[in-house]
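J.: File data-v5.txt below, compact mmCIF, C-alpha atoms and all ligand atoms:
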```txt
# COMPACT_ATOMS: atom_id res chain seq x y z
CA MET A 19 74.48 208.61 56.19
CA SER A 20 76.88 205.79 55.32
CA ARG A 21 75.60 202.20 55.89
CA LEU A 22 79.12 201.05 56.83
CA PRO A 23 79.70 200.88 60.62
CA SER A 24 82.13 203.36 62.00
CA VAL A 25 85.59 202.14 63.10
CA ARG A 26 84.66 203.06 66.66
CA ARG A 27 81.47 200.99 66.54
CA VAL A 28 83.35 197.90 65.20
CA LEU A 29 85.95 198.18 67.96
CA TRP A 30 83.25 198.50 70.59
CA ILE A 31 81.42 195.37 69.35
CA ALA A 32 84.69 193.40 69.22
CA THR A 33 85.53 194.43 72.80
CA LEU A 34 82.09 193.30 74.01
CA ALA A 35 82.52 189.93 72.24
CA ILE A 36 85.92 189.35 73.89
CA ILE A 37 84.52 190.19 77.34
CA ALA A 38 81.59 187.79 76.78
CA MET A 39 83.92 184.94 75.69
CA ALA A 40 86.20 185.45 78.66
CA GLY A 41 83.16 185.38 80.96
CA GLN A 42 81.98 182.10 79.44
CA ALA A 43 85.40 180.50 79.88
CA THR A 44 85.49 181.49 83.56
CA ALA A 45 81.96 180.23 84.11
CA ALA A 46 82.73 176.85 82.45
CA ALA A 47 85.88 176.33 84.58
CA ALA A 48 83.96 177.16 87.74
CA GLU A 49 81.07 174.86 86.87
CA ALA A 50 83.16 171.72 86.13
CA PRO A 51 86.15 171.36 88.42
CA MET A 52 88.26 168.26 87.79
CA GLN A 53 87.33 165.32 90.02
CA LYS A 54 90.86 163.94 90.42
CA THR A 55 89.60 160.60 91.75
CA GLN A 56 89.30 157.21 90.05
CA ALA A 57 86.09 155.22 89.53
CA PRO A 58 85.35 152.62 92.23
CA GLY A 59 87.76 149.71 91.79
CA TYR A 60 85.57 146.76 90.99
CA TYR A 61 84.65 144.88 87.84
CA ARG A 62 81.88 142.35 87.49
CA MET A 63 81.32 139.40 85.18
CA MET A 64 79.04 136.37 85.16
CA LEU A 65 80.58 132.92 84.96
CA GLY A 66 77.67 130.60 84.25
CA GLU A 67 75.39 131.10 87.26
CA PHE A 68 78.17 132.56 89.42
CA GLU A 69 78.91 136.25 89.82
CA ILE A 70 82.60 137.18 89.85
CA THR A 71 83.72 140.58 91.16
CA ALA A 72 87.33 141.70 90.74
CA LEU A 73 88.40 144.03 93.56
CA PHE A 74 91.22 146.51 93.10
CA ASP A 75 93.51 146.72 96.13
CA GLY A 76 96.13 149.16 94.79
CA ILE A 77 99.42 149.38 92.96
CA VAL A 78 102.82 148.02 93.98
CA PRO A 79 106.11 148.88 92.24
CA LEU A 80 108.00 145.86 90.85
CA ASP A 81 111.60 145.81 89.70
CA VAL A 82 112.38 144.14 86.39
CA SER A 83 115.77 143.12 87.77
CA GLN A 84 113.92 140.72 90.11
CA LEU A 85 113.24 138.47 87.10
CA LYS A 86 115.26 135.26 86.83
CA ASN A 87 116.09 133.11 83.76
CA VAL A 88 115.69 136.04 81.37
CA THR A 89 118.47 138.49 80.47
CA GLU A 90 118.01 142.19 81.09
CA THR A 91 118.23 142.83 77.34
CA GLU A 92 115.48 140.29 76.61
CA ALA A 93 113.29 141.71 79.37
CA ALA A 94 113.87 145.28 78.09
CA LYS A 95 112.89 144.18 74.58
CA LEU A 96 109.63 142.61 75.81
CA LEU A 97 108.82 145.66 77.96
CA ALA A 98 109.39 147.88 74.91
CA LEU A 99 107.10 145.66 72.80
CA ALA A 100 104.39 146.18 75.43
CA LEU A 101 105.05 149.96 75.17
CA THR A 102 105.95 150.00 78.86
CA ALA A 103 106.98 153.52 79.78
CA GLY A 104 108.66 154.80 82.92
CA ASP A 105 111.20 153.33 85.29
CA PRO A 106 111.66 149.55 84.73
CA HIS A 107 112.78 149.31 88.36
CA LYS A 108 109.37 150.56 89.52
CA LEU A 109 106.84 148.96 87.21
CA PRO A 110 103.38 149.90 88.46
CA THR A 111 101.71 146.56 89.15
CA SER A 112 98.09 145.90 90.16
CA ALA A 113 97.14 144.04 93.29
CA ASN A 114 93.71 142.36 92.98
CA ALA A 115 91.40 140.14 94.97
CA PHE A 116 88.37 138.25 93.60
CA LEU A 117 84.94 137.76 95.06
CA VAL A 118 82.82 134.80 93.93
CA ASN A 119 79.10 134.69 94.66
CA THR A 120 77.95 131.13 93.92
CA GLY A 121 74.35 131.99 94.81
CA SER A 122 74.61 130.15 98.13
CA LYS A 123 78.11 131.17 99.29
CA LEU A 124 80.06 134.41 99.13
CA VAL A 125 83.74 133.54 98.72
CA LEU A 126 86.69 135.93 98.67
CA VAL A 127 89.96 134.77 97.09
CA ASP A 128 92.79 136.69 98.84
CA THR A 129 92.18 139.93 100.67
CA GLY A 130 94.74 142.47 99.47
CA GLY A 131 97.31 144.08 101.75
CA GLY A 132 95.09 145.78 104.34
CA THR A 133 96.88 148.41 106.38
CA ALA A 134 100.32 146.77 106.26
CA PHE A 135 101.48 148.42 103.03
CA GLY A 136 100.77 152.07 103.76
CA LYS A 137 98.86 153.99 101.13
CA GLY A 138 99.78 151.89 98.09
CA LEU A 139 97.49 148.97 98.96
CA GLY A 140 94.51 148.33 101.19
CA GLN A 141 91.66 149.48 98.96
CA ALA A 142 90.02 146.05 98.55
CA SER A 143 87.73 146.38 101.58
CA ARG A 144 86.44 149.77 100.39
CA ASN A 145 85.91 148.35 96.90
CA LEU A 146 84.11 145.30 98.31
CA GLU A 147 81.60 147.67 99.89
CA ALA A 148 81.43 149.80 96.73
CA ALA A 149 80.58 146.56 94.89
CA GLY A 150 77.53 146.13 97.14
CA TYR A 151 78.78 143.65 99.77
CA LYS A 152 79.64 143.79 103.46
CA PRO A 153 82.59 141.95 105.06
CA GLU A 154 80.22 140.09 107.41
CA GLN A 155 78.50 138.51 104.38
CA VAL A 156 81.70 136.71 103.33
CA ASP A 157 81.35 132.97 104.14
CA ALA A 158 84.85 131.83 103.13
CA VAL A 159 88.23 133.36 102.33
CA LEU A 160 90.46 131.22 100.10
CA ILE A 161 94.15 132.03 100.36
CA THR A 162 96.54 131.58 97.44
CA HIS A 163 99.58 132.12 99.70
CA LEU A 164 100.60 133.93 102.85
CA HIS A 165 102.52 136.91 101.42
CA PHE A 166 101.16 139.97 103.12
CA ASP A 167 99.87 141.72 100.00
CA HIS A 168 97.38 138.82 99.88
CA ILE A 169 96.39 138.41 103.53
CA GLY A 170 96.88 141.83 105.18
CA GLY A 171 93.19 142.45 104.56
CA LEU A 172 92.25 139.55 106.87
CA LEU A 173 92.61 142.16 109.62
CA ASN A 174 90.64 145.40 109.88
CA ALA A 175 92.11 148.74 110.98
CA GLU A 176 91.68 147.71 114.66
CA GLY A 177 93.70 144.51 114.09
CA LYS A 178 90.59 142.32 114.49
CA ALA A 179 89.17 139.74 112.05
CA ALA A 180 87.91 141.76 109.08
CA PHE A 181 85.58 138.90 108.09
CA PRO A 182 83.79 137.96 111.32
CA ASN A 183 81.75 135.13 109.78
CA ALA A 184 84.25 133.67 107.33
CA VAL A 185 86.23 130.44 107.47
CA VAL A 186 89.71 130.82 105.97
CA TYR A 187 90.99 127.94 103.80
CA LEU A 188 94.56 127.36 102.64
CA ALA A 189 97.04 124.60 101.82
CA LYS A 190 98.64 122.89 104.83
CA ALA A 191 102.10 123.29 103.25
CA GLU A 192 101.53 127.05 103.17
CA SER A 193 100.28 127.35 106.73
CA ASP A 194 103.15 125.16 108.02
CA TYR A 195 105.83 127.11 106.11
CA TRP A 196 104.87 130.50 107.55
CA LEU A 197 103.45 129.61 110.96
CA SER A 198 105.67 126.75 112.20
CA GLU A 199 108.09 127.36 115.05
CA THR A 200 111.18 126.71 112.96
CA GLU A 201 112.17 129.36 110.47
CA PRO A 202 112.61 127.99 106.92
CA GLU A 203 116.06 128.14 105.30
CA VAL A 204 116.33 131.14 102.97
CA PRO A 205 119.28 132.98 101.34
CA ALA A 206 120.92 135.53 103.66
CA ALA A 207 119.51 138.45 101.65
CA PHE A 208 115.94 137.31 102.46
CA LYS A 209 116.44 136.47 106.17
CA GLU A 210 115.15 139.76 107.56
CA HIS A 211 112.32 139.88 105.05
CA MET A 212 111.32 136.33 106.01
CA LYS A 213 111.27 137.24 109.70
CA GLN A 214 108.95 140.19 109.03
CA ALA A 215 106.72 138.22 106.67
CA ARG A 216 106.32 135.38 109.21
CA LYS A 217 105.40 137.87 111.91
CA LEU A 218 102.77 139.48 109.71
CA ALA A 219 101.36 136.10 108.62
CA ALA A 220 101.08 135.03 112.27
CA SER A 221 99.23 138.24 113.19
CA ALA A 222 96.78 137.84 110.27
CA ALA A 223 96.09 134.19 111.19
CA LYS A 224 95.70 134.81 114.94
CA PRO A 225 92.01 135.84 115.27
CA TYR A 226 90.96 133.06 112.87
CA LEU A 227 93.07 130.41 114.63
CA ALA A 228 91.63 131.52 117.96
CA THR A 229 88.07 130.92 116.75
CA ASP A 230 88.80 127.68 114.85
CA ARG A 231 88.25 129.33 111.48
CA TRP A 232 91.75 128.68 110.01
CA LYS A 233 91.21 125.48 108.02
CA MET A 234 93.50 123.33 105.91
CA ILE A 235 92.40 122.16 102.46
CA GLU A 236 91.71 118.43 102.96
CA ASN A 237 92.34 115.87 100.20
CA GLY A 238 92.52 118.56 97.53
CA ARG A 239 88.89 119.59 98.08
CA LEU A 240 86.88 122.45 99.51
CA PRO A 241 83.38 122.24 101.00
CA ILE A 242 82.17 124.79 98.44
CA ALA A 243 80.33 123.52 95.35
CA GLY A 244 81.91 124.78 92.12
CA ILE A 245 85.33 125.72 93.55
CA ARG A 246 88.35 123.48 93.75
CA PRO A 247 91.95 124.12 94.69
CA VAL A 248 94.76 123.47 92.18
CA ALA A 249 98.24 123.02 93.67
CA ALA A 250 100.54 125.65 92.13
CA PRO A 251 103.74 125.48 94.21
CA GLY A 252 106.95 127.36 93.55
CA HIS A 253 106.16 130.98 94.35
CA THR A 254 105.70 129.64 97.88
CA PRO A 255 105.60 125.99 99.00
CA GLY A 256 101.80 125.86 99.35
CA HIS A 257 100.87 128.40 96.67
CA THR A 258 97.39 127.42 95.44
CA ALA A 259 95.32 128.36 92.42
CA TYR A 260 91.52 128.01 92.49
CA GLU A 261 89.32 126.77 89.67
CA ILE A 262 85.81 128.16 89.64
CA ARG A 263 83.30 126.28 87.52
CA SER A 264 79.64 126.95 86.81
CA GLY A 265 77.93 125.01 84.03
CA GLU A 266 80.25 124.98 81.04
CA GLN A 267 82.23 128.02 82.17
CA LYS A 268 85.54 127.98 84.03
CA LEU A 269 87.83 130.56 85.61
CA LEU A 270 91.28 129.76 86.99
CA ILE A 271 92.50 132.20 89.66
CA ILE A 272 96.27 131.86 89.37
CA GLY A 273 97.37 133.90 92.39
CA ASP A 274 100.97 135.05 91.95
CA MET A 275 101.95 132.83 89.06
CA ILE A 276 102.71 135.93 86.94
CA HIS A 277 104.19 139.16 88.33
CA ILE A 278 105.47 140.99 85.22
CA PRO A 279 102.97 140.06 82.48
CA ALA A 280 104.79 141.92 79.68
CA VAL A 281 107.68 139.46 80.13
CA GLN A 282 106.37 136.32 81.81
CA PHE A 283 103.61 135.38 79.33
CA ALA A 284 106.06 135.51 76.44
CA ARG A 285 108.74 133.83 78.55
CA PRO A 286 107.09 131.37 80.97
CA ASP A 287 110.62 130.28 81.98
CA ALA A 288 111.05 133.61 83.78
CA ALA A 289 110.70 133.31 87.56
CA VAL A 290 111.16 136.06 90.15
CA SER A 291 113.82 136.28 92.84
CA PHE A 292 111.17 136.08 95.58
CA ASP A 293 109.80 132.73 94.33
CA SER A 294 110.68 130.32 97.15
CA ASP A 295 111.57 127.63 94.57
CA PRO A 296 112.10 129.23 91.13
CA LYS A 297 112.50 125.87 89.36
CA GLN A 298 109.20 124.61 90.73
CA ALA A 299 107.58 128.00 89.93
CA VAL A 300 108.61 127.62 86.27
CA ALA A 301 107.17 124.09 86.13
CA THR A 302 103.90 125.49 87.55
CA HIS A 303 103.88 128.31 84.93
CA HIS A 304 104.12 125.77 82.12
CA ALA A 305 101.50 123.42 83.59
CA LEU A 306 98.89 126.11 84.30
CA LEU A 307 99.44 128.09 81.08
CA HIS A 308 99.05 124.85 79.12
CA ARG A 309 95.84 124.15 81.07
CA VAL A 310 94.25 127.51 80.11
CA ASP A 311 95.67 127.74 76.58
CA GLY A 312 93.05 128.46 73.94
CA GLY A 313 90.70 130.62 75.95
CA THR A 314 88.03 128.13 77.03
CA THR A 315 89.01 128.89 80.64
CA PHE A 316 89.10 132.48 81.88
CA VAL A 317 92.18 133.43 83.91
CA ALA A 318 92.38 135.85 86.84
CA GLY A 319 95.66 136.99 88.40
CA MET A 320 96.42 138.95 91.53
CA HIS A 321 99.11 141.03 89.79
CA LEU A 322 97.70 141.23 86.28
CA PRO A 323 96.50 144.70 85.19
CA PHE A 324 93.13 145.40 86.85
CA PRO A 325 90.60 143.83 86.63
CA GLY A 326 93.18 141.10 86.11
CA ILE A 327 90.77 138.87 84.17
CA GLY A 328 91.35 137.67 80.63
CA ARG A 329 92.21 134.69 78.49
CA VAL A 330 95.43 133.13 77.26
CA ARG A 331 96.54 131.59 73.98
CA ASN A 332 99.92 130.27 72.91
CA ASP A 333 101.97 132.40 70.52
CA GLY A 334 102.75 129.44 68.23
CA LYS A 335 106.29 129.28 69.60
CA THR A 336 107.29 128.81 73.23
CA GLY A 337 105.31 131.59 74.84
CA TYR A 338 101.78 132.81 75.48
CA VAL A 339 99.71 135.91 74.83
CA TRP A 340 97.49 137.60 77.42
CA ILE A 341 94.13 138.84 76.14
CA PRO A 342 92.42 141.06 78.71
CA ILE A 343 88.66 140.89 79.13
CA GLU A 344 86.65 143.66 77.50
CA TYR A 345 84.54 145.95 79.66
CA ALA A 346 80.93 144.86 79.27
CA PRO A 347 77.59 145.84 80.79
CA LEU A 348 75.75 143.57 83.22
CA PRO A 349 73.27 142.16 82.49
CA ALA A 350 74.59 141.89 78.93
CA LYS A 351 72.77 144.32 76.64
CA TYR A 352 73.66 144.81 73.02
CA GLY A 353 72.72 147.71 70.82
CA SER A 354 71.89 147.40 67.15
CA SER A 355 74.85 147.04 64.84
CA GLN A 356 72.84 148.80 62.09
ZN ZN A 401 101.69 139.11 95.56
```
Could I get this file's structure written as structure tokens?

T.:
Amino acid sequence: MSRLPSVRRVLWIATLAIIAMAGQATAAAAEAPMQKTQAPGYYRMMLGEFEITALFDGIVPLDVSQLKNVTETEAAKLLALALTAGDPHKLPTSANAFLVNTGSKLVLVDTGGGTAFGKGLGQASRNLEAAGYKPEQVDAVLITHLHFDHIGGLLNAEGKAAFPNAVVYLAKAESDYWLSETEPEVPAAFKEHMKQARKLAASAAKPYLATDRWKMIENGRLPIAGIRPVAAPGHTPGHTAYEIRSGEQKLLIIGDMIHIPAVQFARPDAAVSFDSDPKQAVATHHALLHRVDGGTTFVAGMHLPFPGIGRVRNDGKTGYVWIPIEYAPLPAKYGSSQ
């Protein structure tokens, strides 16, 4: 008898092996279906004794042609340097809100768009709960400005106050601009938009005004230890940044100072067409970027890529560089570098 396997036997073994492999592949696919959902949209960091939680509200498309004071060619070059792919007229742009737990007060800075923007925005309330908090625990909501992607979340799905125990603080200039009887002068192209935006701002303010919880920032101060407002006008008349300080650590929440980071850090002269006063907005860019230059102050932005927190340094010329924060565990734990 030959010790070599017969041709028939080899074929039979090969067939069995193929069947077994196919079976394994099917079993693996069935056992691990794709999840097709993102991780909960929050990011946490400690700032001294304070806990900061970035909340993701969603993505809005921005059009590069809305930039002012920068040519299309220059903007295209900067977008290419940032390896920006896709349609420059629909740049996917984060919308963020920030929660600050000072240990004695829970403070939310802006609220996201709520239900007013359809599916694109409105995830901040879900992410606030995913981050371990409830809307009724929020003591204060600080508003950077009254554009609806920042205040839509003041209302819940039933149109009632989403934060039943919170006092809302904002600059008087901002409240007056959007809520006064007389409509502000705007270019014809923005008239309809302004009408809508004022209507939405009035509806968001209503339940808080009715319960005396719509408060103006008095004398440039807030009744919250460790947080102070920083006037940052230009995007809107009362646009306000907030500086959070605990011990030696500082974070400046810049609101809507930057919309298209790939262009506006390198070119702080670039405003956007929906800045109410582009010249003033540019002056604010320069002042605040100078203030945070060098990285000793963290920066958080409502339209910077989520979590929207990082640091800034100058580029040695006329612009700045954005350095996003690195994902880190909390509490901080470090493995051995050996
Ligand atoms: Zn915005």

J.: Neighbours of Glu67 (chain A) within 12 Å (all atoms listed in the file; same-chain residues fewer than 3 positions away dropped), as a ChimeraX atom specification?

T.: /A:63-64,70,118-122,244,262-268

J.: Quick one: write out the picked residues with C-alpha atoms as a compact mmCIF listing (two decimals), in the coordinates of the input?

T.:
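Once written, part.txt looks like this:
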```
# COMPACT_ATOMS: atom_id res chain seq x y z
CA MET A 63 81.32 139.40 85.18
CA MET A 64 79.04 136.37 85.16
CA ILE A 70 82.60 137.18 89.85
CA VAL A 118 82.82 134.80 93.93
CA ASN A 119 79.10 134.69 94.66
CA THR A 120 77.95 131.13 93.92
CA GLY A 121 74.35 131.99 94.81
CA SER A 122 74.61 130.15 98.13
CA GLY A 244 81.91 124.78 92.12
CA ILE A 262 85.81 128.16 89.64
CA ARG A 263 83.30 126.28 87.52
CA SER A 264 79.64 126.95 86.81
CA GLY A 265 77.93 125.01 84.03
CA GLU A 266 80.25 124.98 81.04
CA GLN A 267 82.23 128.02 82.17
CA LYS A 268 85.54 127.98 84.03
```

J.: Mind dumping a table of every chain A residue within 8 Å of ligand ZN 401 (chain A), with the nearest atom pair and its distance in Å to one decimal, using all atoms listed in the file, sorted by chain and rising number, as CSV?

T.:
```
residue,atom,partner,partner_atom,distance
A:Ala113,CA,A:ZN401,ZN,7.1
A:His165,CA,A:ZN401,ZN,6.3
A:Phe166,CA,A:ZN401,ZN,7.6
A:Asp167,CA,A:ZN401,ZN,5.5
A:His168,CA,A:ZN401,ZN,6.1
A:Gly273,CA,A:ZN401,ZN,7.5
A:Asp274,CA,A:ZN401,ZN,5.5
A:His277,CA,A:ZN401,ZN,7.7
A:Met320,CA,A:ZN401,ZN,6.6
A:His321,CA,A:ZN401,ZN,6.6
```

J.: So that I can check the surroundings of region 134-145 of chain A, please list as a list in words every protein, DNA and RNA residue that reaches within 8 Å of it, counting all atoms listed in the file and ignoring chain neighbours fewer than 2 positions away.

T.: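 The residues satisfying every condition are Pro58, Gly59, Tyr60, Leu73, Phe74, Asp75, Gly76, Ile77, Val78, Ala113, Asn114, Ala115, Thr129, Gly130, Gly131, Gly132, Glu147, Ala148, Ala149, Pro153, Phe166, Asp167, Gly170 and Gly171 of chain A.
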
J.: Tell me which of A:Asp333, A:Glu261, A:Asp157, A:Asp230 sits closest to Thr315 (chain A), counting all atoms listed in the file.

T.: A:Glu261

J.: Expressed in Å to a single decimal, how great is the separation between CA of Asp194 (chain A) and CA of Thr254 (chain A)?

T.: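 CA of Thr254 (chain A) lies at a distance of 11.4 Å from CA of Asp194 (chain A).
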
J.: Tell me, in Å to one decimal, how far CA of Val186 (chain A) is from CA of Glu210 (chain A).

T.: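 Computed distance, CA of Val186 (chain A) to CA of Glu210 (chain A), equals 27.0 Å.
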
J.: With all atoms listed in the file as the counted atoms, please give the residues lying no more than 9 Å from Leu188 (chain A), apart from itself and same-chain residues fewer than 2 positions off, as a VMD selection string.

T.: chain A and resid 159 to 164 186 190 to 193 232 to 235 247 256 to 258

J.: Find the spatial neighbours of Ala222 (chain A), counting only C-alpha atoms, within a cut-off of 7 Å - ignore same-chain residues fewer than 6 positions away - and output them as a list in words.

T.: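 In the requested format, the answer is Ile169, Gly170, Leu172 and Leu173 of chain A.
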
J.: Nearest to Tyr195 (chain A): which of A:Thr89, A:Thr336, A:Ser294, A:Thr314 is it, counting only C-alpha atoms?

T.: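 For Tyr195 (chain A), the nearest of the given residues is A:Ser294.
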
J.: Please tell me which residues are no farther than 7 Å from (113.2, 134.0, 87.1) in the file, counting only C-alpha atoms, and write them as a ChimeraX atom specification.

T.: /A:85-88,287-291,296

J.: Fewer than 6 positions away in the same chain doesn't count, so skip those; otherwise give me all residues within 9 Å of region 237-243 of chain A, counting all atoms listed in the file, as a list in words.

T.: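 Near region 237-243 of chain A, the qualifying residues are Thr120, Lys123, Val125, Ala158, Tyr187, Ala189, Ala249 and Arg263 of chain A.
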
J.: Please save C-alpha atoms of the selected residues as a compact mmCIF listing (two decimals), keeping the file's coordinate frame.

T.:
```
# COMPACT_ATOMS: atom_id res chain seq x y z
CA THR A 120 77.95 131.13 93.92
CA LYS A 123 78.11 131.17 99.29
CA VAL A 125 83.74 133.54 98.72
CA ALA A 158 84.85 131.83 103.13
CA TYR A 187 90.99 127.94 103.80
CA ALA A 189 97.04 124.60 101.82
CA ALA A 249 98.24 123.02 93.67
CA ARG A 263 83.30 126.28 87.52
```

J.: Could you check which of A:Leu307, A:Leu227, A:Ala103, A:Ala350 is closest to Asn332 (chain A), using all atoms listed in the file?

T.: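 Among the listed residues, the smallest separation from Asn332 (chain A) belongs to A:Leu307.
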
J.: Select, from A:Val248, A:Ser198, A:Ile276, A:Gln84, the residue with the minimum atom-to-atom distance to Lys108 (chain A), counting all atoms listed in the file.

T.: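 Checking each candidate against Lys108 (chain A), we get A:Gln84 as the closest.
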
J.: CA of Leu124 (chain A) to CA of Phe68 (chain A): how many Å, to one decimal?

T.: 10.1 Å
